[in-house]
$ cat upload_23.cif   # mmCIF, C-alpha atoms and all ligand atoms
data_data
#
loop_
_atom_site.label_atom_id
_atom_site.label_comp_id
_atom_site.auth_asym_id
_atom_site.auth_seq_id
_atom_site.Cartn_x
_atom_site.Cartn_y
_atom_site.Cartn_z
CA MET A 1 26.62 -36.19 -21.11
CA LYS A 2 26.33 -32.94 -23.02
CA LYS A 3 22.59 -33.38 -23.17
CA LEU A 4 22.36 -34.06 -19.44
CA PHE A 5 24.38 -30.92 -18.71
CA ALA A 6 22.14 -28.84 -20.97
CA THR A 7 19.02 -30.21 -19.30
CA LEU A 8 20.46 -29.42 -15.86
CA MET A 9 21.29 -25.86 -16.93
CA ILE A 10 17.77 -25.30 -18.21
CA LEU A 11 16.34 -26.63 -14.94
CA LEU A 12 18.65 -24.42 -12.88
CA THR A 13 17.80 -21.30 -14.87
CA GLY A 14 14.13 -22.05 -14.39
CA LEU A 15 14.56 -22.46 -10.65
CA THR A 16 16.52 -19.21 -10.31
CA ALA A 17 13.85 -17.35 -12.27
CA THR A 18 11.15 -18.70 -9.94
CA ALA A 19 13.11 -17.75 -6.83
CA LYS A 20 13.63 -14.20 -8.07
CA GLY A 21 10.02 -13.77 -9.16
CA ALA A 22 8.83 -11.71 -12.08
CA ASP A 23 10.97 -9.05 -13.68
CA MET A 24 9.18 -5.77 -13.00
CA SER A 25 11.95 -3.49 -14.16
CA ASN A 26 9.91 -2.28 -17.14
CA ALA A 27 6.54 -2.12 -15.39
CA LYS A 28 4.73 1.22 -15.34
CA VAL A 29 3.96 1.88 -11.69
CA LEU A 30 1.42 3.95 -9.82
CA VAL A 31 1.67 4.39 -6.05
CA VAL A 32 -1.67 5.36 -4.56
CA TYR A 33 -1.92 6.11 -0.86
CA PHE A 34 -4.04 7.52 1.93
CA SER A 35 -2.31 9.01 4.95
CA ARG A 36 -2.98 11.49 7.76
CA THR A 37 -0.95 14.19 9.42
CA GLY A 38 -1.86 15.55 12.86
CA GLU A 39 -1.89 13.44 16.00
CA GLN A 40 -1.21 9.76 15.39
CA TYR A 41 -0.83 6.79 17.72
CA SER A 42 2.65 6.39 19.16
CA VAL A 43 4.25 9.23 17.12
CA GLY A 44 2.56 12.39 18.43
CA ASN A 45 1.88 15.25 16.04
CA ILE A 46 3.31 14.52 12.63
CA THR A 47 3.64 16.70 9.55
CA GLU A 48 4.14 13.79 7.13
CA GLY A 49 1.92 10.71 7.46
CA ASN A 50 3.47 7.29 8.13
CA THR A 51 1.99 5.69 5.02
CA ALA A 52 3.04 8.71 2.94
CA ILE A 53 6.66 8.11 3.96
CA VAL A 54 6.51 4.49 2.75
CA ALA A 55 4.67 5.50 -0.44
CA LYS A 56 7.48 7.89 -1.35
CA MET A 57 10.11 5.20 -0.76
CA ILE A 58 8.23 2.84 -3.10
CA ALA A 59 7.83 5.51 -5.78
CA GLU A 60 11.53 6.27 -5.61
CA LYS A 61 12.66 2.67 -6.11
CA THR A 62 10.06 1.73 -8.71
CA LYS A 63 10.19 5.10 -10.53
CA GLY A 64 6.45 5.18 -10.03
CA ASP A 65 4.00 8.07 -10.05
CA LEU A 66 2.45 9.11 -6.74
CA PHE A 67 -1.24 9.78 -6.15
CA GLU A 68 -2.59 10.78 -2.75
CA ILE A 69 -6.23 10.02 -1.97
CA LYS A 70 -7.64 13.23 -0.49
CA LEU A 71 -11.10 13.87 0.84
CA LYS A 72 -13.34 16.46 -0.76
CA ASN A 73 -14.66 17.65 2.58
CA ASP A 74 -12.00 16.78 5.10
CA ALA A 75 -13.75 17.09 8.45
CA TYR A 76 -11.67 14.43 10.21
CA PRO A 77 -10.48 15.47 13.68
CA THR A 78 -6.75 16.07 13.95
CA GLU A 79 -6.64 14.41 17.39
CA TYR A 80 -6.15 10.66 17.45
CA HIS A 81 -9.00 9.49 19.70
CA PRO A 82 -11.79 11.57 18.12
CA LEU A 83 -10.55 10.39 14.71
CA THR A 84 -10.83 6.75 15.73
CA GLU A 85 -14.49 7.34 16.64
CA VAL A 86 -15.33 9.01 13.32
CA ALA A 87 -13.52 6.23 11.45
CA LYS A 88 -15.42 3.59 13.41
CA GLN A 89 -18.74 5.14 12.41
CA GLU A 90 -17.69 5.39 8.75
CA LYS A 91 -16.70 1.74 8.69
CA LYS A 92 -19.95 0.71 10.37
CA ALA A 93 -21.92 2.68 7.77
CA ASN A 94 -19.72 1.32 4.94
CA ALA A 95 -19.44 4.96 3.87
CA ARG A 96 -17.89 6.19 0.63
CA PRO A 97 -16.53 9.66 1.41
CA GLU A 98 -16.08 11.79 -1.68
CA ILE A 99 -12.49 12.24 -2.84
CA ILE A 100 -10.83 14.78 -5.10
CA GLY A 101 -8.68 14.40 -8.22
CA LYS A 102 -8.37 11.64 -10.79
CA VAL A 103 -5.44 9.58 -11.98
CA ASP A 104 -4.66 10.50 -15.57
CA ASN A 105 -4.16 7.53 -17.88
CA PHE A 106 -4.97 4.95 -15.22
CA ALA A 107 -5.19 2.36 -18.01
CA ASP A 108 -1.48 2.76 -18.77
CA TYR A 109 -0.27 1.40 -15.42
CA ASP A 110 0.81 -2.24 -15.08
CA VAL A 111 1.25 -2.28 -11.31
CA VAL A 112 -0.68 -0.22 -8.78
CA PHE A 113 0.55 -0.05 -5.19
CA ILE A 114 -2.24 0.73 -2.74
CA GLY A 115 -1.06 2.16 0.56
CA SER A 116 -3.19 2.63 3.61
CA PRO A 117 -3.03 2.97 7.36
CA ASN A 118 -4.70 0.09 9.17
CA TRP A 119 -7.91 1.60 10.54
CA TRP A 120 -9.94 -0.82 12.64
CA SER A 121 -8.37 -3.78 10.82
CA ASP A 122 -9.46 -2.28 7.52
CA MET A 123 -8.65 0.64 5.22
CA PRO A 124 -10.15 4.11 5.53
CA MET A 125 -13.39 4.10 3.54
CA ALA A 126 -11.97 6.68 1.11
CA VAL A 127 -9.64 4.00 -0.26
CA TYR A 128 -12.74 2.05 -1.32
CA THR A 129 -14.11 5.21 -2.95
CA PHE A 130 -10.88 5.33 -4.94
CA MET A 131 -10.82 1.67 -5.93
CA GLU A 132 -14.42 1.70 -7.12
CA GLN A 133 -13.72 4.53 -9.56
CA TYR A 134 -11.37 2.58 -11.83
CA ASP A 135 -11.20 -0.41 -14.13
CA TRP A 136 -8.60 -2.83 -12.74
CA THR A 137 -8.70 -5.38 -15.55
CA GLY A 138 -5.24 -6.84 -16.20
CA LYS A 139 -3.52 -4.92 -13.39
CA LYS A 140 -1.33 -6.23 -10.63
CA VAL A 141 -1.99 -4.66 -7.25
CA ALA A 142 0.51 -4.54 -4.39
CA PRO A 143 -0.91 -3.63 -0.96
CA PHE A 144 1.14 -1.85 1.73
CA VAL A 145 -0.01 -0.90 5.17
CA THR A 146 1.28 0.99 8.18
CA HIS A 147 -0.19 -0.02 11.53
CA GLU A 148 0.50 -0.21 15.25
CA GLY A 149 0.15 -3.93 15.81
CA SER A 150 -2.48 -5.36 13.46
CA GLY A 151 -0.26 -5.71 10.38
CA LEU A 152 -2.04 -6.24 7.07
CA SER A 153 -5.22 -7.67 8.68
CA SER A 154 -7.44 -8.80 5.80
CA ILE A 155 -6.67 -5.73 3.70
CA PRO A 156 -5.15 -7.66 0.75
CA SER A 157 -8.28 -9.80 0.39
CA SER A 158 -10.52 -6.72 0.65
CA ILE A 159 -8.51 -5.17 -2.16
CA GLU A 160 -8.84 -8.35 -4.19
CA LYS A 161 -12.59 -8.45 -3.61
CA THR A 162 -13.04 -4.83 -4.66
CA THR A 163 -10.68 -4.64 -7.64
CA LYS A 164 -10.82 -8.28 -8.80
CA ALA A 165 -7.21 -7.73 -9.85
CA GLU A 166 -4.22 -9.97 -9.21
CA VAL A 167 -2.96 -9.09 -5.73
CA LEU A 168 0.78 -9.43 -5.09
CA LYS A 169 2.38 -10.17 -1.73
CA GLY A 170 1.63 -7.30 0.63
CA PHE A 171 3.90 -5.40 2.99
CA SER A 172 3.28 -3.99 6.44
CA LEU A 173 5.36 -1.76 8.67
CA TYR A 174 4.79 -0.18 12.07
CA GLY A 175 3.80 3.45 11.63
CA HIS A 176 6.26 4.64 14.27
CA GLU A 177 9.03 2.74 12.52
CA ALA A 178 8.28 4.44 9.20
CA GLN A 179 8.18 7.79 11.00
CA ASN A 180 11.25 7.45 13.24
CA GLU A 181 13.53 4.83 11.69
CA ARG A 182 13.71 5.83 8.07
CA GLU A 183 16.89 4.03 7.07
CA ASP A 184 15.76 0.76 8.59
CA SER A 185 12.33 1.20 6.98
CA LYS A 186 13.87 1.81 3.57
CA ILE A 187 15.85 -1.43 3.83
CA LYS A 188 12.62 -3.33 4.56
CA VAL A 189 10.68 -1.62 1.78
CA ASP A 190 13.45 -2.25 -0.75
CA SER A 191 13.75 -5.90 0.25
CA TRP A 192 10.01 -6.43 -0.30
CA LEU A 193 10.17 -4.65 -3.66
CA GLU A 194 13.12 -6.76 -4.76
CA LYS A 195 11.15 -9.91 -3.97
CA LEU A 196 8.37 -8.59 -6.20
CA GLY A 197 10.90 -8.16 -9.02
CA PHE A 198 11.76 -4.44 -8.79
C1 LIG A 201 -8.88 5.72 12.98
C2 LIG A 201 -7.70 4.90 13.31
C3 LIG A 201 -7.84 3.52 13.52
C4 LIG A 201 -6.73 2.71 13.75
N1 LIG A 201 -6.90 1.37 13.91
C5 LIG A 201 -5.80 0.57 14.02
C6 LIG A 201 -5.94 -0.84 14.09
O1 LIG A 201 -7.05 -1.40 14.09
N2 LIG A 201 -4.81 -1.58 14.18
C7 LIG A 201 -3.55 -1.03 14.19
O2 LIG A 201 -2.58 -1.73 14.25
N3 LIG A 201 -3.40 0.33 14.12
C8 LIG A 201 -4.48 1.13 14.04
N4 LIG A 201 -4.32 2.50 13.94
C9 LIG A 201 -2.96 3.06 13.90
C10 LIG A 201 -2.54 3.40 12.46
O3 LIG A 201 -2.71 2.30 11.60
C11 LIG A 201 -1.08 3.86 12.38
O4 LIG A 201 -0.84 4.90 13.27
C12 LIG A 201 -0.70 4.26 10.95
O5 LIG A 201 0.69 4.23 10.80
C13 LIG A 201 -1.20 5.65 10.57
O6 LIG A 201 -0.79 5.93 9.26
P1 LIG A 201 -0.82 7.38 8.60
O7 LIG A 201 0.11 8.27 9.40
O8 LIG A 201 -0.31 7.16 7.22
O9 LIG A 201 -2.23 7.87 8.59
C14 LIG A 201 -5.43 3.31 13.78
C15 LIG A 201 -5.29 4.69 13.61
C16 LIG A 201 -6.41 5.49 13.38
C17 LIG A 201 -6.23 6.96 13.18
#

$ encode --input "upload_23.cif" --output "structure tokens" --more "lines below"
Ligand SMILES: Cc1cc2nc3c(=O)[nH]c(=O)nc-3n(C[C@H](O)[C@H](O)[C@H](O)COP(=O)(O)O)c2cc1C
Amino acid sequence: MKKLFATLMILLTGLTATAKGADMSNAKVLVVYFSRTGEQYSVGNITEGNTAIVAKMIAEKTKGDLFEIKLKNDAYPTEYHPLTEVAKQEKKANARPEIIGKVDNFADYDVVFIGSPNWWSDMPMAVYTFMEQYDWTGKKVAPFVTHEGSGLSSIPSSIEKTTKAEVLKGFSLYGHEAQNEREDSKIKVDSWLEKLGF
């Protein structure tokens, strides 16, 4: 009887651990993101990008370091429609716009969150410029996306293809929700992070 009880307890503990996922409380976290200010779909002129808002929420809960992907020569239009045209051309050309800055001690991070707006069902090409600059061996990558209807699209698999790292369950949120419903957004972000083990 004692033995049966012990076996059941071991089984139960195992099941609970699986349901909760990995324990990430000691993971060293980097939150990388690309985000635009200016005129955006459904939110008008914004001074803090939608993806930037989510990135900061993630960094706060995971005690992660933030890194913003910024273009070296930022000639993107600040109006929404002209920007969509430029972005379309860049995607078509599979461009790699130059970016500035480097993450110090990239090798030290266990988990890297990659945040991006959904641009034409993909990421801005500058995110690929970023990913191709680093060695992702042994890292876990968690994708997050803000969008206005397309969700994650195939962004997680593009990240997997480029980094060859282990990609964790991704998260997507409407850009206007991140911008205008911060408390509700934070609840959703935190719930995703808790499922990942944070
Ligand atoms: C160039 C461009 C292309 C976009 N393409 C899509 C798209 O294909 N699907 C979608 O749901 N939203 C699309 N959007 C909307 C953005 O994903 C959304 O507004 C996002 O929250 C912007 O994030 P940011 O403020 O961090 O840059 C596009 C926006 C831009 C500027």

$ residues_around --input "upload_23.cif" --residues "segment 83-86 of chain A" --least-positions-apart "6" --cutoff "9 Å" --atoms "only C-alpha atoms" --output "CSV table (one decimal) with C-alpha atoms, keeping the file's coordinate frame"
chain,number,residue,atom,x,y,z
A,76,TYR,CA,-11.7,14.4,10.2
A,77,PRO,CA,-10.5,15.5,13.7
A,119,TRP,CA,-7.9,1.6,10.5
A,120,TRP,CA,-9.9,-0.8,12.6

$ residues_near_ligand --input "upload_23.cif" --ligand "ligand LIG 201 (chain A)" --cutoff "8 Å" --atoms "only C-alpha atoms and all ligand atoms" --output "NGL selection string"
:A and (34-37 or 40-43 or 46 or 48-53 or 80-81 or 83-88 or 116-122 or 124 or 145-151 or 173-176 or 178)

$ closest_residue --input "upload_23.cif" --among "A:Lys28, A:Ile187, A:Thr62, A:Ile69" --to "Met131 of chain A" --atoms "all atoms listed in the file"
A:Ile69

$ closest_residue --input "upload_23.cif" --among "A:Gln89, A:Asn45, A:Thr137, A:Thr129" --to "Tyr109 of chain A" --atoms "all atoms listed in the file"
A:Thr137

$ closest_residue --input "upload_23.cif" --among "A:Glu194, A:Asp65, A:Glu60, A:Glu166" --to "Val29 of chain A" --atoms "only C-alpha atoms"
A:Asp65

$ decode --input "upload_23.cif" --residues "segment 15-97 of chain A" --atoms "C-alpha atoms" --output "short mmCIF file (atom, residue, chain, number, x, y, z; two decimals), in the first residue's frame"
data_model
loop_
_atom_site.label_atom_id
_atom_site.label_comp_id
_atom_site.auth_asym_id
_atom_site.auth_seq_id
_atom_site.Cartn_x
_atom_site.Cartn_y
_atom_site.Cartn_z
CA LEU A 15 2.26 15.38 -14.20
CA THR A 16 2.15 18.70 -12.35
CA ALA A 17 5.67 19.52 -13.53
CA THR A 18 4.65 18.82 -17.14
CA ALA A 19 1.54 20.98 -16.86
CA LYS A 20 3.50 23.90 -15.46
CA GLY A 21 6.29 23.59 -18.01
CA ALA A 22 9.92 24.39 -17.43
CA ASP A 23 11.07 26.52 -14.52
CA MET A 24 12.54 29.65 -16.09
CA SER A 25 12.91 31.63 -12.89
CA ASN A 26 16.71 31.54 -13.10
CA ALA A 27 17.00 31.99 -16.86
CA LYS A 28 19.00 34.96 -18.12
CA VAL A 29 16.68 36.77 -20.50
CA LEU A 30 17.14 39.14 -23.41
CA VAL A 31 14.15 40.88 -24.99
CA VAL A 32 14.92 42.00 -28.53
CA TYR A 33 12.34 43.97 -30.47
CA PHE A 34 11.63 46.07 -33.52
CA SER A 35 8.87 48.66 -33.34
CA ARG A 36 7.81 51.90 -35.05
CA THR A 37 6.42 55.18 -33.83
CA GLY A 38 4.58 57.56 -36.15
CA GLU A 39 1.35 56.69 -37.92
CA GLN A 40 0.23 53.10 -37.40
CA TYR A 41 -2.84 51.17 -38.49
CA SER A 42 -5.84 51.62 -36.21
CA VAL A 43 -4.01 53.69 -33.55
CA GLY A 44 -3.13 56.95 -35.34
CA ASN A 45 0.10 58.72 -34.49
CA ILE A 46 1.88 56.98 -31.66
CA THR A 47 4.95 57.97 -29.66
CA GLU A 48 5.64 54.46 -28.34
CA GLY A 49 5.39 51.50 -30.73
CA ASN A 50 2.91 48.68 -30.05
CA THR A 51 5.57 45.98 -29.97
CA ALA A 52 7.77 48.17 -27.75
CA ILE A 53 4.98 48.28 -25.16
CA VAL A 54 4.77 44.47 -25.06
CA ALA A 55 8.58 44.14 -25.00
CA LYS A 56 8.76 46.30 -21.89
CA MET A 57 6.07 44.23 -20.16
CA ILE A 58 8.05 41.05 -20.89
CA ALA A 59 11.32 42.57 -19.67
CA GLU A 60 9.63 43.67 -16.46
CA LYS A 61 8.24 40.24 -15.59
CA THR A 62 11.26 38.22 -16.67
CA LYS A 63 13.82 40.75 -15.34
CA GLY A 64 15.27 40.66 -18.83
CA ASP A 65 17.49 43.13 -20.66
CA LEU A 66 15.95 45.11 -23.52
CA PHE A 67 17.51 45.62 -26.94
CA GLU A 68 15.79 47.61 -29.67
CA ILE A 69 16.69 46.85 -33.28
CA LYS A 70 17.30 50.23 -34.91
CA LEU A 71 18.14 50.98 -38.50
CA LYS A 72 21.42 52.64 -39.41
CA ASN A 73 19.80 54.80 -42.06
CA ASP A 74 16.18 55.10 -41.07
CA ALA A 75 14.45 56.40 -44.18
CA TYR A 76 11.11 54.72 -43.50
CA PRO A 77 8.11 57.01 -44.05
CA THR A 78 6.27 57.99 -40.88
CA GLU A 79 2.89 57.65 -42.63
CA TYR A 80 1.31 54.21 -42.60
CA HIS A 81 0.49 53.65 -46.28
CA PRO A 82 3.83 54.79 -47.73
CA LEU A 83 5.56 52.61 -45.11
CA THR A 84 3.62 49.55 -46.21
CA GLU A 85 4.88 50.09 -49.77
CA VAL A 86 8.53 50.42 -48.72
CA ALA A 87 8.18 47.34 -46.51
CA LYS A 88 6.63 45.38 -49.38
CA GLN A 89 9.59 46.19 -51.62
CA GLU A 90 12.09 45.24 -48.90
CA LYS A 91 10.39 41.90 -48.37
CA LYS A 92 10.28 41.23 -52.11
CA ALA A 93 14.01 41.99 -52.36
CA ASN A 94 14.73 39.93 -49.21
CA ALA A 95 16.71 42.98 -48.08
CA ARG A 96 18.98 43.14 -45.04
CA PRO A 97 18.88 46.77 -43.90
#
